[in-house]
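Okay, structure first, notes after.
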Amino acid sequence: VTDLVERLAVIVGPSNVLVGDDIPEELTHDEALTASPQVPAAVVRPDSAAEVAAVVALAAELGLAVTARGSGTGLSGACVPSPGGLLVSFERMAAILELDLDNHVAVVQPGVTLDQLDEATAEVGLVYPVFPGESSASLGGNVATNAGGMRAIKYGVTRHQVLGLEAVTGTGEIIRTGGRFVKSSNAYDLTQLIVGSEGTLALVTEATLRLYPRPPHVATVLAPFATLAAATGATPAIVGQGIGPLLVEYIDGLAMGGIVAHAGLDLGVAVAVREQAQAYLVVVIEQRRQDRLAEDVEELAVLLAELGALDVYVLPDHAGTQLIEAREKAFWAAKAAGADDIVDVVVPRSAMAAYITRVNAMASATASLITGCGHVGDGNVHLSVFQPDPEVRHGLVHDMIVAGVAMGGAVSGEHGLGIEKREIFLELADPAQLVLMRQIKVAFDPAGILNPEVAR
Ligand SMILES: Cc1cc2nc3c(=O)[nH]c(=O)nc-3n(C[C@H](O)[C@H](O)[C@H](O)COP(=O)(O)OP(=O)(O)OC[C@H]3O[C@@H](n4cnc5c(N)ncnc54)[C@H](O)[C@@H]3O)c2cc1C
């Protein structure tokens with residue numbers, strides 16, 4: 001270990017190699033509910049692509065695992081270090097290198113947080129539109145998980161915003177992909193292979209991201225429904241209406257109770273309506289002009305009433321903002337309530353109502369509580385599973401995922417596979433595709449050192 005520490009110290013400086021008791025506890029895990037913390041042999045904090053490349057080359061020479069870490073807000077255990085391996089923390093690579101106002105791009109180092117980028121882009125009237133619920137998350141982590149969040153229904157997910165990358169492969173080579181252009185027809189797209197690869201193909205050292213004008217006018221519409229199926233079933237018509245909502249979220253009655261209590265909110269929903277409401281839709285619209293926004297809100301309210309909403313509330317600006325912020329913190333409310341696991345299956349949006357009905361039947365059959373919310377516009381549930389018996393819970397979560405995949409969905413909509421969902425992914429994946437994926441892994445990382453806990 002002394003030899004390793006000395007060699008790492010030559011690369012990044014002695015104060016940027018942490019071992020033993022100097023490794024903070026928070027670097028041993030992320031926010032996943034079921035993954036166990038692990039202590040790496042060393043934490044390394046590089047401050048340039050050249051340093052990252054030298055660290056990876058050394059790890060390849062010594063056959064050491066390398067796990068990248070952004071802010072550790074992941075929900076699948078994907079940045080949990082390998083025991084005996086290296087954890088590369090990007091906290092010192094946190095500069096916004098450029099806001100290019102003509103090409104509408106931001107060039108960022110991976111440790112930049114969503115908050116940091118939002119503040120900088122707001123100053124120039126632009127926005128980086130991917131808002132996964134935790135704004136302390138890093139852009140490197142967002143790229144590696146292909147983060148989604150509430151605004152995907154309008155802008156797409158991280159994948160759709162990444163125009164280019166600088167990254168270090170498993171051999172310690174620095175590659176640059178893409179550029180400041182929104183299209184290319186230029187052989188295989190390595191940028192998109194790296195996006196969502198959870199640190200298993202390359203370590204991202206710089207990202208070129210797409211920016212958009214920031215619309216100044218925003219309205220939040222809240223619609224309670226008598227049943228969850230009615231709320232989720234309304235979504236295709238809302239998307240089909242063509243007003244282009246910024247987000248379409250559903251929150252079930254129980255989760256809404258938890259969110260509202262956790263944040264101390266009063267949304268002004270009449271008691272009689274609240275008593276009947278088993279689910280809520282939250283639709284946010286943004287516009288460049290106030291008069292157009294008012295028109296959109298009016299049309300949306302009429303449609304929601306036609307679709308069976310018990311009532312329609314256009315929330316005052318501050319209440320709308322508070323509700324969205326509270327919804328972003330739904331995970332913390334669920335965790336505080338003792339949730340044992342979180343499932344983020346995605347299904348076609350038209351299958352949401354049937355999927356949730358199916359899940360509710362599974363909850364009854366196993367005497368479990370399943371409650372939650374989700375990006376219903378994208379068919380992406382975020383369900384908290386309360387079932388203290390680990391064996392029953394394991395079977396239940398397995399069956400919930402299998403049911404989603406059988407309806408044409410996927411294991412994870414946005415949290416990633418990490419170490420939590422790796423096994424079930426392998427169980428359900430097409431063997432021919434797995435062969436191709438393993439060949440891609442070998443091409444980027446021949447020694448298999450990059451995040452081996454996730455890519456086995
Ligand atoms: C309250 C809460 C709400 C959330 N809501 C959402 C949501 O709505 N949508 C959503 O998508 N996610 C959500 N998340 C999950 C999480 O915020 C995202 O997964 C985020 O992208 C993780 O970023 P991070 O910087 O914390 O990454 P980490 O947790 O540090 O790492 C995640 C993965 O990225 C890899 N990685 C990190 N940096 C790099 C790099 N530079 N190069 C290569 N690989 C790297 C890690 O190895 C790991 O595989 C939520 C989390 C919380 C706690």
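Just remember, in the structure tokens the first chain shown is A, the second B, etc., residues are 1-based per chain, and ligands are 1-based in the order shown.
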>> as a PyMOL selection string, please: every residue in stretch 91-310 of chain A that DSSP puts in helix (DSSP H, G or I).
In response: chain A and resi 114-122+139-145+152-155+158-160+190-194+228-233+235-240+253-263+271-276+290-306
I'd like to know which residues of stretch 17-53 of chain A are strand (DSSP E or B) (by DSSP, run on the backbone); could you write them as a JSON list (two decimals) with N, CA, C and O atoms, in the first residue's frame?
[["chain", "number", "residue", "atom", "x", "y", "z"],
["A", 17, "VAL", "N", -4.38, 12.10, -1.97],
["A", 17, "VAL", "CA", -4.51, 10.65, -1.84],
["A", 17, "VAL", "C", -4.93, 10.38, -0.40],
["A", 17, "VAL", "O", -4.23, 10.77, 0.53],
["A", 18, "LEU", "N", -6.11, 9.78, -0.24],
["A", 18, "LEU", "CA", -6.60, 9.50, 1.12],
["A", 18, "LEU", "C", -6.63, 8.00, 1.33],
["A", 18, "LEU", "O", -7.09, 7.25, 0.45],
["A", 42, "ALA", "N", -7.72, 3.34, -1.66],
["A", 42, "ALA", "CA", -7.36, 4.76, -1.63],
["A", 42, "ALA", "C", -8.39, 5.58, -2.39],
["A", 42, "ALA", "O", -8.99, 5.11, -3.35],
["A", 43, "VAL", "N", -8.56, 6.83, -1.93],
["A", 43, "VAL", "CA", -9.35, 7.80, -2.68],
["A", 43, "VAL", "C", -8.37, 8.75, -3.34],
["A", 43, "VAL", "O", -7.42, 9.21, -2.69],
["A", 44, "VAL", "N", -8.58, 9.02, -4.61],
["A", 44, "VAL", "CA", -7.68, 9.90, -5.37],
["A", 44, "VAL", "C", -8.48, 11.08, -5.88],
["A", 44, "VAL", "O", -9.60, 10.91, -6.36]]
Would you write out, as JSON lines, a table of all residues in chain A that have an atom no more than 6 Å from an atom of ligand 1, listing for each the closest atom pair and the distance in Å to one decimal, considering only C-alpha atoms and all ligand atoms and ordering rows by chain and rising residue number?
{"residue": "A:Asp30", "atom": "CA", "partner": "ligand 1", "partner_atom_place_in_ligand_line": "29 (O)", "distance": 5.6}
{"residue": "A:Glu31", "atom": "CA", "partner": "ligand 1", "partner_atom_place_in_ligand_line": "53 (C)", "distance": 5.8}
{"residue": "A:Thr67", "atom": "CA", "partner": "ligand 1", "partner_atom_place_in_ligand_line": "47 (O)", "distance": 5.2}
{"residue": "A:Ala68", "atom": "CA", "partner": "ligand 1", "partner_atom_place_in_ligand_line": "47 (O)", "distance": 3.9}
{"residue": "A:Arg69", "atom": "CA", "partner": "ligand 1", "partner_atom_place_in_ligand_line": "30 (O)", "distance": 4.0}
{"residue": "A:Gly70", "atom": "CA", "partner": "ligand 1", "partner_atom_place_in_ligand_line": "30 (O)", "distance": 3.4}
{"residue": "A:Ser71", "atom": "CA", "partner": "ligand 1", "partner_atom_place_in_ligand_line": "26 (O)", "distance": 3.7}
{"residue": "A:Gly72", "atom": "CA", "partner": "ligand 1", "partner_atom_place_in_ligand_line": "29 (O)", "distance": 3.4}
{"residue": "A:Thr73", "atom": "CA", "partner": "ligand 1", "partner_atom_place_in_ligand_line": "26 (O)", "distance": 3.4}
{"residue": "A:Gly74", "atom": "CA", "partner": "ligand 1", "partner_atom_place_in_ligand_line": "29 (O)", "distance": 3.4}
{"residue": "A:Leu75", "atom": "CA", "partner": "ligand 1", "partner_atom_place_in_ligand_line": "15 (C)", "distance": 5.2}
{"residue": "A:Ala78", "atom": "CA", "partner": "ligand 1", "partner_atom_place_in_ligand_line": "49 (O)", "distance": 4.0}
{"residue": "A:Cys79", "atom": "CA", "partner": "ligand 1", "partner_atom_place_in_ligand_line": "48 (C)", "distance": 4.0}
{"residue": "A:Pro110", "atom": "CA", "partner": "ligand 1", "partner_atom_place_in_ligand_line": "41 (N)", "distance": 4.9}
{"residue": "A:Pro132", "atom": "CA", "partner": "ligand 1", "partner_atom_place_in_ligand_line": "7 (C)", "distance": 3.6}
{"residue": "A:Gly133", "atom": "CA", "partner": "ligand 1", "partner_atom_place_in_ligand_line": "5 (N)", "distance": 3.4}
{"residue": "A:Glu134", "atom": "CA", "partner": "ligand 1", "partner_atom_place_in_ligand_line": "2 (C)", "distance": 4.5}
{"residue": "A:Ala137", "atom": "CA", "partner": "ligand 1", "partner_atom_place_in_ligand_line": "25 (O)", "distance": 4.0}
{"residue": "A:Ser138", "atom": "CA", "partner": "ligand 1", "partner_atom_place_in_ligand_line": "25 (O)", "distance": 3.5}
{"residue": "A:Gly140", "atom": "CA", "partner": "ligand 1", "partner_atom_place_in_ligand_line": "41 (N)", "distance": 4.0}
{"residue": "A:Gly141", "atom": "CA", "partner": "ligand 1", "partner_atom_place_in_ligand_line": "27 (O)", "distance": 3.5}
{"residue": "A:Asn142", "atom": "CA", "partner": "ligand 1", "partner_atom_place_in_ligand_line": "21 (O)", "distance": 3.4}
{"residue": "A:Ala144", "atom": "CA", "partner": "ligand 1", "partner_atom_place_in_ligand_line": "34 (O)", "distance": 4.4}
{"residue": "A:Thr145", "atom": "CA", "partner": "ligand 1", "partner_atom_place_in_ligand_line": "21 (O)", "distance": 5.2}
{"residue": "A:Ala147", "atom": "CA", "partner": "ligand 1", "partner_atom_place_in_ligand_line": "11 (O)", "distance": 3.4}
{"residue": "A:Gly148", "atom": "CA", "partner": "ligand 1", "partner_atom_place_in_ligand_line": "11 (O)", "distance": 3.9}
{"residue": "A:Gly149", "atom": "CA", "partner": "ligand 1", "partner_atom_place_in_ligand_line": "8 (O)", "distance": 3.6}
{"residue": "A:Glu198", "atom": "CA", "partner": "ligand 1", "partner_atom_place_in_ligand_line": "49 (O)", "distance": 3.6}
{"residue": "A:Gly199", "atom": "CA", "partner": "ligand 1", "partner_atom_place_in_ligand_line": "44 (N)", "distance": 3.5}
{"residue": "A:Ala202", "atom": "CA", "partner": "ligand 1", "partner_atom_place_in_ligand_line": "43 (C)", "distance": 5.9}
{"residue": "A:Leu203", "atom": "CA", "partner": "ligand 1", "partner_atom_place_in_ligand_line": "42 (N)", "distance": 3.6}
{"residue": "A:Val204", "atom": "CA", "partner": "ligand 1", "partner_atom_place_in_ligand_line": "42 (N)", "distance": 3.7}
{"residue": "A:Thr205", "atom": "CA", "partner": "ligand 1", "partner_atom_place_in_ligand_line": "41 (N)", "distance": 5.7}
{"residue": "A:Glu328", "atom": "CA", "partner": "ligand 1", "partner_atom_place_in_ligand_line": "3 (C)", "distance": 5.8}
{"residue": "A:Lys329", "atom": "CA", "partner": "ligand 1", "partner_atom_place_in_ligand_line": "1 (C)", "distance": 5.0}
{"residue": "A:Phe331", "atom": "CA", "partner": "ligand 1", "partner_atom_place_in_ligand_line": "1 (C)", "distance": 4.9}
{"residue": "A:Trp332", "atom": "CA", "partner": "ligand 1", "partner_atom_place_in_ligand_line": "1 (C)", "distance": 5.8}
{"residue": "A:Glu414", "atom": "CA", "partner": "ligand 1", "partner_atom_place_in_ligand_line": "11 (O)", "distance": 4.3}
{"residue": "A:His415", "atom": "CA", "partner": "ligand 1", "partner_atom_place_in_ligand_line": "19 (O)", "distance": 5.1}
>> Applying 12 Å and only C-alpha atoms, which residues near A:His398 remain after dropping the ones on its own chain fewer than 2 positions away? List them as a ChimeraX atom specification.
In response: /A:341-343,345,359,362,385,390-396,400-405,411,420-425,427-428
>> Can you measure atom CA of A:His217 to atom CA of A:Ala319 for me? One decimal in Å is fine.
In response: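 Distance reported for this atom pair: 14.8 Å.
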> If we count only C-alpha atoms, what is near stretch 429-442 of chain A at a cut-off of 8 Å, once residues fewer than 5 positions away on the same chain are taken out, given as a PyMOL selection string?
Replying inline: chain A and resi 200-201+447-448
>> Please list as an MDAnalysis selection string every residue within 8 Å of A:Val376, counting only C-alpha atoms and excluding residues in the same chain fewer than 4 positions away.
In response: chainID A and resid 232 235 248:250 349 352 380:381
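With only C-alpha atoms taken into account, the protein and nucleic acid residues at most 8 Å from A:His262 (excluding it and anything under 4 positions from it in its own chain) are Gly258, Ala326 and Ala333 of chain A.
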>> When you count only C-alpha atoms, which of these residues is closest to A:Pro316: A:Glu295, A:Val218, A:Ala361, A:Pro224?
In response: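 Among A:Glu295, A:Val218, A:Ala361, A:Pro224, it is A:Val218 that comes nearest to A:Pro316.
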>> At a cut-off of 10 Å, using only C-alpha atoms, what residues contact A:Ala255? Leave out same-chain residues fewer than 6 positions from it and give the result as a count of residues only.
In response: 14
>> Between A:Leu211, A:Leu247, A:Val195, A:Val271, which residue has the minimum interatomic distance to A:Ala122, considering only C-alpha atoms?
In response: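 Of all the options, A:Leu211 lies closest to A:Ala122.
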Between stretch 51-100 of chain A and stretch 155-178 of chain A, at 6 Å or less, what are the per-residue closest atom pairs and their distances in Å? Count only C-alpha atoms, order by chain and rising residue number, and return it as JSON lines.
{"residue": "A:Ala53", "atom": "CA", "partner": "A:Gly172", "partner_atom": "CA", "distance": 4.5}
{"residue": "A:Val56", "atom": "CA", "partner": "A:Gly172", "partner_atom": "CA", "distance": 5.0}
{"residue": "A:Ala57", "atom": "CA", "partner": "A:Gly172", "partner_atom": "CA", "distance": 4.4}
Keeping only C-alpha atoms, write the selected residues as a CSV table (one decimal), in the first residue's frame.
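Produced file selection-v4.csv, reproduced below:
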chain,number,residue,atom,x,y,z
A,53,ALA,CA,-5.2,9.3,-17.3
A,56,VAL,CA,-6.0,4.9,-14.6
A,57,ALA,CA,-2.8,3.8,-16.4
> Using only C-alpha atoms, which of A:Val130, A:Leu99, A:Glu123, A:Glu306 sits nearest A:Ala237?
Replying inline: A:Glu306
> So, counting only C-alpha atoms, which residue among A:Gln287, A:Thr113, A:Gln322, A:Ser135 is closest to A:Leu265?
Replying inline: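 Residue with the minimum atom-to-atom distance to A:Leu265: A:Gln322.
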